[in-house]
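Some notes on the structure that comes next.
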Amino acid sequence: MRVDARECASLCIASYFAVVLLVSARSRRAFLGKFGRRHRISGSLHLGVLTLYCAHVVAHRKTNLDAATMDAMLFVSGLVLTLTAHWDFAKAHEHAERRQLGVRSGVLHAKTAVTGAEMLEHAFYHVVNGFQIAYVHCVAQPWFVRSSAETRATACLLATSAWTARSRFPINSFSNNYRDGMRDFESCMYRVKKWQYVLYKTVLLHGLNVSLAMRPVDLISLFEWRAFWFLLNAAYVLEFFLQTLVKRKYLRQRTMLVLNQALMLISTSAVVPVLRTAVEPHAAAMMFVLNFLNRKREMENVVVGLVAAAIWADSRK
């Protein structure tokens with residue numbers, strides 16, 4: 001009997017999130033208490049939004065809420081959750097930050113605390129997500145397909161414009177999460193996460209945006225995109241949540257690492273269909289190279305990528 005790939009993916013996503021909900025239910029006291037009440041309430045609401053979004057994905061959009069509403073809810077609740085974490089806990093984490101030696105931050109090591117700077121940095125990436133999903137929704141509209149190449153390129157640059165504010169947010173290098181030469185399991189996972197981030201930024205962010213400007217694709221109606229977007233946004237908050245449960249003794253360190261590994265594996269698998277459908281290899285390769293040759297110049301790199309992609313398209317005619 002042939003196994004349907006989408007049904008298999010839906011089962012994996014539903015199973016993983018069911019485990020997350022089970023862990024959350026067993027740790028329900030973490031959502032209670034007066035200290036950090038804004039963040040606790042925001043966390044409960046965001047968990048509800050993630051549950052709705054998961055059902056939306058698994059049901060292949062056969063729900064009463066449309067994709068635009070779901071994406072708006074996911075963006076707003078995720079951003080509020082991250083900001084309330086900074087507002088409520090950044091100062092409380094300062095003493096832990098000063099005690100951290102060698103391994104200075106991060107969400108995987110049992111004896112580290114997420115810094116206030118990391119919380120604020122994640123808020124920036126939520127904004128980046130908001131700009132990209134708005135752009136993806138625009139690309140799915142008939143008027144975008146009919147528009148000129150210049151208009152589509154302008155929309156791509158607008159989607160990238162969030163990066164002009166990057167210097168206003170803290171920058172935390174992945175290498176801060178491990179010492180040179182460290183070979184413990186958590187440090188190896190950080191190294192994998194680092195390259196996941198590089199590929200995400202160059203291929204699935206800038207590379208995808210440039211590709212959509214050159215060849216519009218309706219990703220909103222694509223199950224694989226919905227699955228990827230859900231997993232990406234879930235990963236942004238679950239790694240912080242799981243570390244909190246470890247520190248509060250609701251979850252074992254080993255279990256937390258297994259859940260993180262599973263999420264990394266599932267989310268990476270979800271990327272492949274999106275790459276095949278919407279990302280132009282030459283655009284992704286260009287953005288990957290520029291990421292190292294012209295560091296911290298995201299707008300410039302996207303402009304170069306758009307020009308190079310346009311030249312490539314003309315040469316193929």
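Quick note on naming: the chains in the structure tokens go A, B, ... in the order shown, residues restart at 1 in each chain, and ligands are numbered from 1 in order of appearance.
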
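Omitting A:Val49 and its sequence neighbours fewer than 6 positions away, and counting only C-alpha atoms, the residues within 8 Å are Met73, Leu74 and Ser77 of chain A.
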
Original post:
Would you give me, as JSON, numbers by chain, the residues in stretch 112-285 of chain A that DSSP reads as alpha helix (DSSP H)?
Top reply: {"A": [116, 117, 118, 119, 120, 121, 122, 123, 124, 125, 126, 127, 128, 129, 130, 131, 132, 133, 134, 135, 136, 137, 138, 139, 142, 143, 144, 145, 146, 149, 150, 151, 152, 153, 154, 155, 156, 157, 158, 159, 160, 185, 186, 187, 188, 189, 190, 191, 192, 193, 194, 195, 196, 197, 198, 199, 208, 209, 210, 211, 212, 213, 214, 223, 224, 225, 226, 227, 228, 229, 230, 231, 232, 233, 234, 235, 236, 237, 238, 239, 240, 241, 242, 243, 244, 245, 246, 247, 253, 254, 255, 256, 257, 258, 259, 260, 261, 262, 263, 264, 265, 266, 267, 268, 269, 270, 271, 272, 273, 274, 275, 276, 277, 278, 281, 282, 283, 284, 285]}

Would you list the contacts of A:Asn233 as a compact mmCIF listing (two decimals) with C-alpha atoms, in the first residue's frame, taking every protein, DNA or RNA residue within 12 Å and counting only C-alpha atoms, but skipping same-chain residues closer than 3 positions in sequence?
```
# COMPACT_ATOMS: atom_id res chain seq x y z
CA HIS A 46 0.21 31.43 22.10
CA LEU A 47 -0.02 27.74 22.91
CA VAL A 49 -2.82 29.67 18.68
CA LEU A 50 -0.21 27.02 17.91
CA TYR A 53 -2.54 26.39 13.58
CA CYS A 54 -1.50 22.76 13.94
CA ASP A 71 -0.85 33.84 10.08
CA MET A 73 -2.70 35.44 14.94
CA LEU A 74 0.53 33.46 14.91
CA PHE A 75 2.63 36.56 14.28
CA VAL A 76 0.97 38.76 16.91
CA SER A 77 0.83 36.14 19.66
CA GLY A 78 4.43 35.06 19.04
CA LEU A 79 5.74 38.62 19.13
CA LEU A 81 5.04 36.29 23.95
CA THR A 82 8.66 37.19 23.19
CA HIS A 122 14.14 36.76 19.03
CA ALA A 123 11.63 39.61 18.91
CA TYR A 125 13.21 37.56 14.11
CA HIS A 126 9.49 37.48 14.81
CA VAL A 127 9.27 40.82 13.01
CA VAL A 128 11.27 39.35 10.11
CA ASN A 129 8.78 36.49 9.98
CA GLY A 130 5.92 38.98 9.90
CA ILE A 133 4.60 36.08 5.56
CA ARG A 226 1.91 25.71 5.86
CA ALA A 227 3.70 22.84 7.61
CA PHE A 228 7.09 24.54 7.32
CA TRP A 229 5.76 27.88 8.55
CA PHE A 230 4.08 26.29 11.55
CA TYR A 236 11.13 29.93 17.83
CA VAL A 237 9.28 29.59 21.13
CA LEU A 238 9.38 25.91 22.07
CA GLU A 239 13.13 25.83 22.68
CA LEU A 263 11.68 19.30 16.05
CA SER A 267 11.29 21.03 10.40
```

Original post:
Using only C-alpha atoms, which residues sit within 10 Å of A:Glu121 once same-chain residues fewer than 2 positions away are excluded, as a count of residues only?
Top reply: 18

**OP:** Pick out the residues sitting within 6 Å of stretch 203-219 of chain A, and hand them over as a ChimeraX atom specification; count only C-alpha atoms, and ignore anything fewer than 2 positions along from it in its own chain.
**Re:** /A:139-140,152-153,156,199-201,221-222,225,279-280,283-284,287,306

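Ranking A:Val136, A:Cys188, A:Ala155, A:Leu231 by their shortest atom-to-atom distance to A:Ala9, with only C-alpha atoms included, puts A:Leu231 first.
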
Would you give me, as JSON lines, each residue of stretch 153-261 of chain A having an atom within 12 Å of an atom of stretch 30-39 of chain A, along with its shortest atom pair and that distance in Å to one decimal, using only C-alpha atoms and sorting by chain and residue number?
```
{"residue": "A:Phe241", "atom": "CA", "partner": "A:Ala30", "partner_atom": "CA", "distance": 9.8}
{"residue": "A:Leu242", "atom": "CA", "partner": "A:Ala30", "partner_atom": "CA", "distance": 11.1}
{"residue": "A:Gln243", "atom": "CA", "partner": "A:Ala30", "partner_atom": "CA", "distance": 12.0}
{"residue": "A:Thr244", "atom": "CA", "partner": "A:Ala30", "partner_atom": "CA", "distance": 8.6}
{"residue": "A:Leu245", "atom": "CA", "partner": "A:Ala30", "partner_atom": "CA", "distance": 7.6}
{"residue": "A:Val246", "atom": "CA", "partner": "A:Ala30", "partner_atom": "CA", "distance": 11.0}
{"residue": "A:Lys247", "atom": "CA", "partner": "A:Ala30", "partner_atom": "CA", "distance": 10.8}
{"residue": "A:Arg248", "atom": "CA", "partner": "A:Ala30", "partner_atom": "CA", "distance": 7.9}
{"residue": "A:Lys249", "atom": "CA", "partner": "A:Ala30", "partner_atom": "CA", "distance": 10.2}
{"residue": "A:Tyr250", "atom": "CA", "partner": "A:Ala30", "partner_atom": "CA", "distance": 8.5}
{"residue": "A:Leu251", "atom": "CA", "partner": "A:Ala30", "partner_atom": "CA", "distance": 11.4}
```

Keeping only C-alpha atoms, take the residues you just selected and write them out as a PDB file, in the first residue's frame.
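In the end it all went to again_33.pdb:
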```pdb
ATOM      1  CA  PHE A 241       9.654  26.906  26.786  1.00  0.00           C
ATOM      2  CA  LEU A 242      11.294  23.499  27.068  1.00  0.00           C
ATOM      3  CA  GLN A 243      14.361  24.930  28.791  1.00  0.00           C
ATOM      4  CA  THR A 244      12.094  26.664  31.299  1.00  0.00           C
ATOM      5  CA  LEU A 245      10.419  23.346  32.084  1.00  0.00           C
ATOM      6  CA  VAL A 246      13.827  21.756  32.678  1.00  0.00           C
ATOM      7  CA  LYS A 247      14.832  24.495  35.096  1.00  0.00           C
ATOM      8  CA  ARG A 248      11.503  24.230  36.910  1.00  0.00           C
ATOM      9  CA  LYS A 249      12.011  20.446  37.224  1.00  0.00           C
ATOM     10  CA  TYR A 250       8.942  19.643  35.133  1.00  0.00           C
ATOM     11  CA  LEU A 251      11.038  18.030  32.399  1.00  0.00           C
TER      12      LEU A 251
END
```

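Neighbouring residues of A:Thr51 at 10 Å or closer, counting only C-alpha atoms and skipping chain neighbours under 4 positions away, are Ala14, Phe17, Ala18, Val20, Leu21, Leu45, His46, Leu47, Ala55, His56 and Val57 of chain A.
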
Subject >> Nearest to A:Cys138 by atom-to-atom distance, counting only C-alpha atoms, from A:Leu157, A:Val198, A:Ile220, A:Ala313 >> reply: A:Ile220

Residues of stretch 126-165 of chain A that approach stretch 291-299 of chain A to 8 Å or less, counting only C-alpha atoms: could you list each one with the shortest pair of atoms and its distance in Å to one decimal, rows by chain and increasing residue number, as a tab-separated table?
```
residue	atom	partner	partner_atom	distance
A:Leu157	CA	A:Met299	CA	7.2
A:Thr160	CA	A:Met299	CA	6.5
A:Ser161	CA	A:Met299	CA	6.9
A:Trp163	CA	A:Glu298	CA	6.5
A:Thr164	CA	A:Met299	CA	7.4
```

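By only C-alpha atoms, and with residues fewer than 6 positions from A:Glu224 along its chain excluded, the set lying at most 12 Å from it is Ala5, Arg6, Glu7, Cys8, Ala9, Ser10, Ile13, Val57, Val58, His60, Arg61, Asp218, Phe230, Leu231, Ile266, Ser267, Thr268, Ser269, Ala270, Val271, Val272, Pro273, Val274, Leu275, Arg276, Thr277 and Ala278 of chain A.
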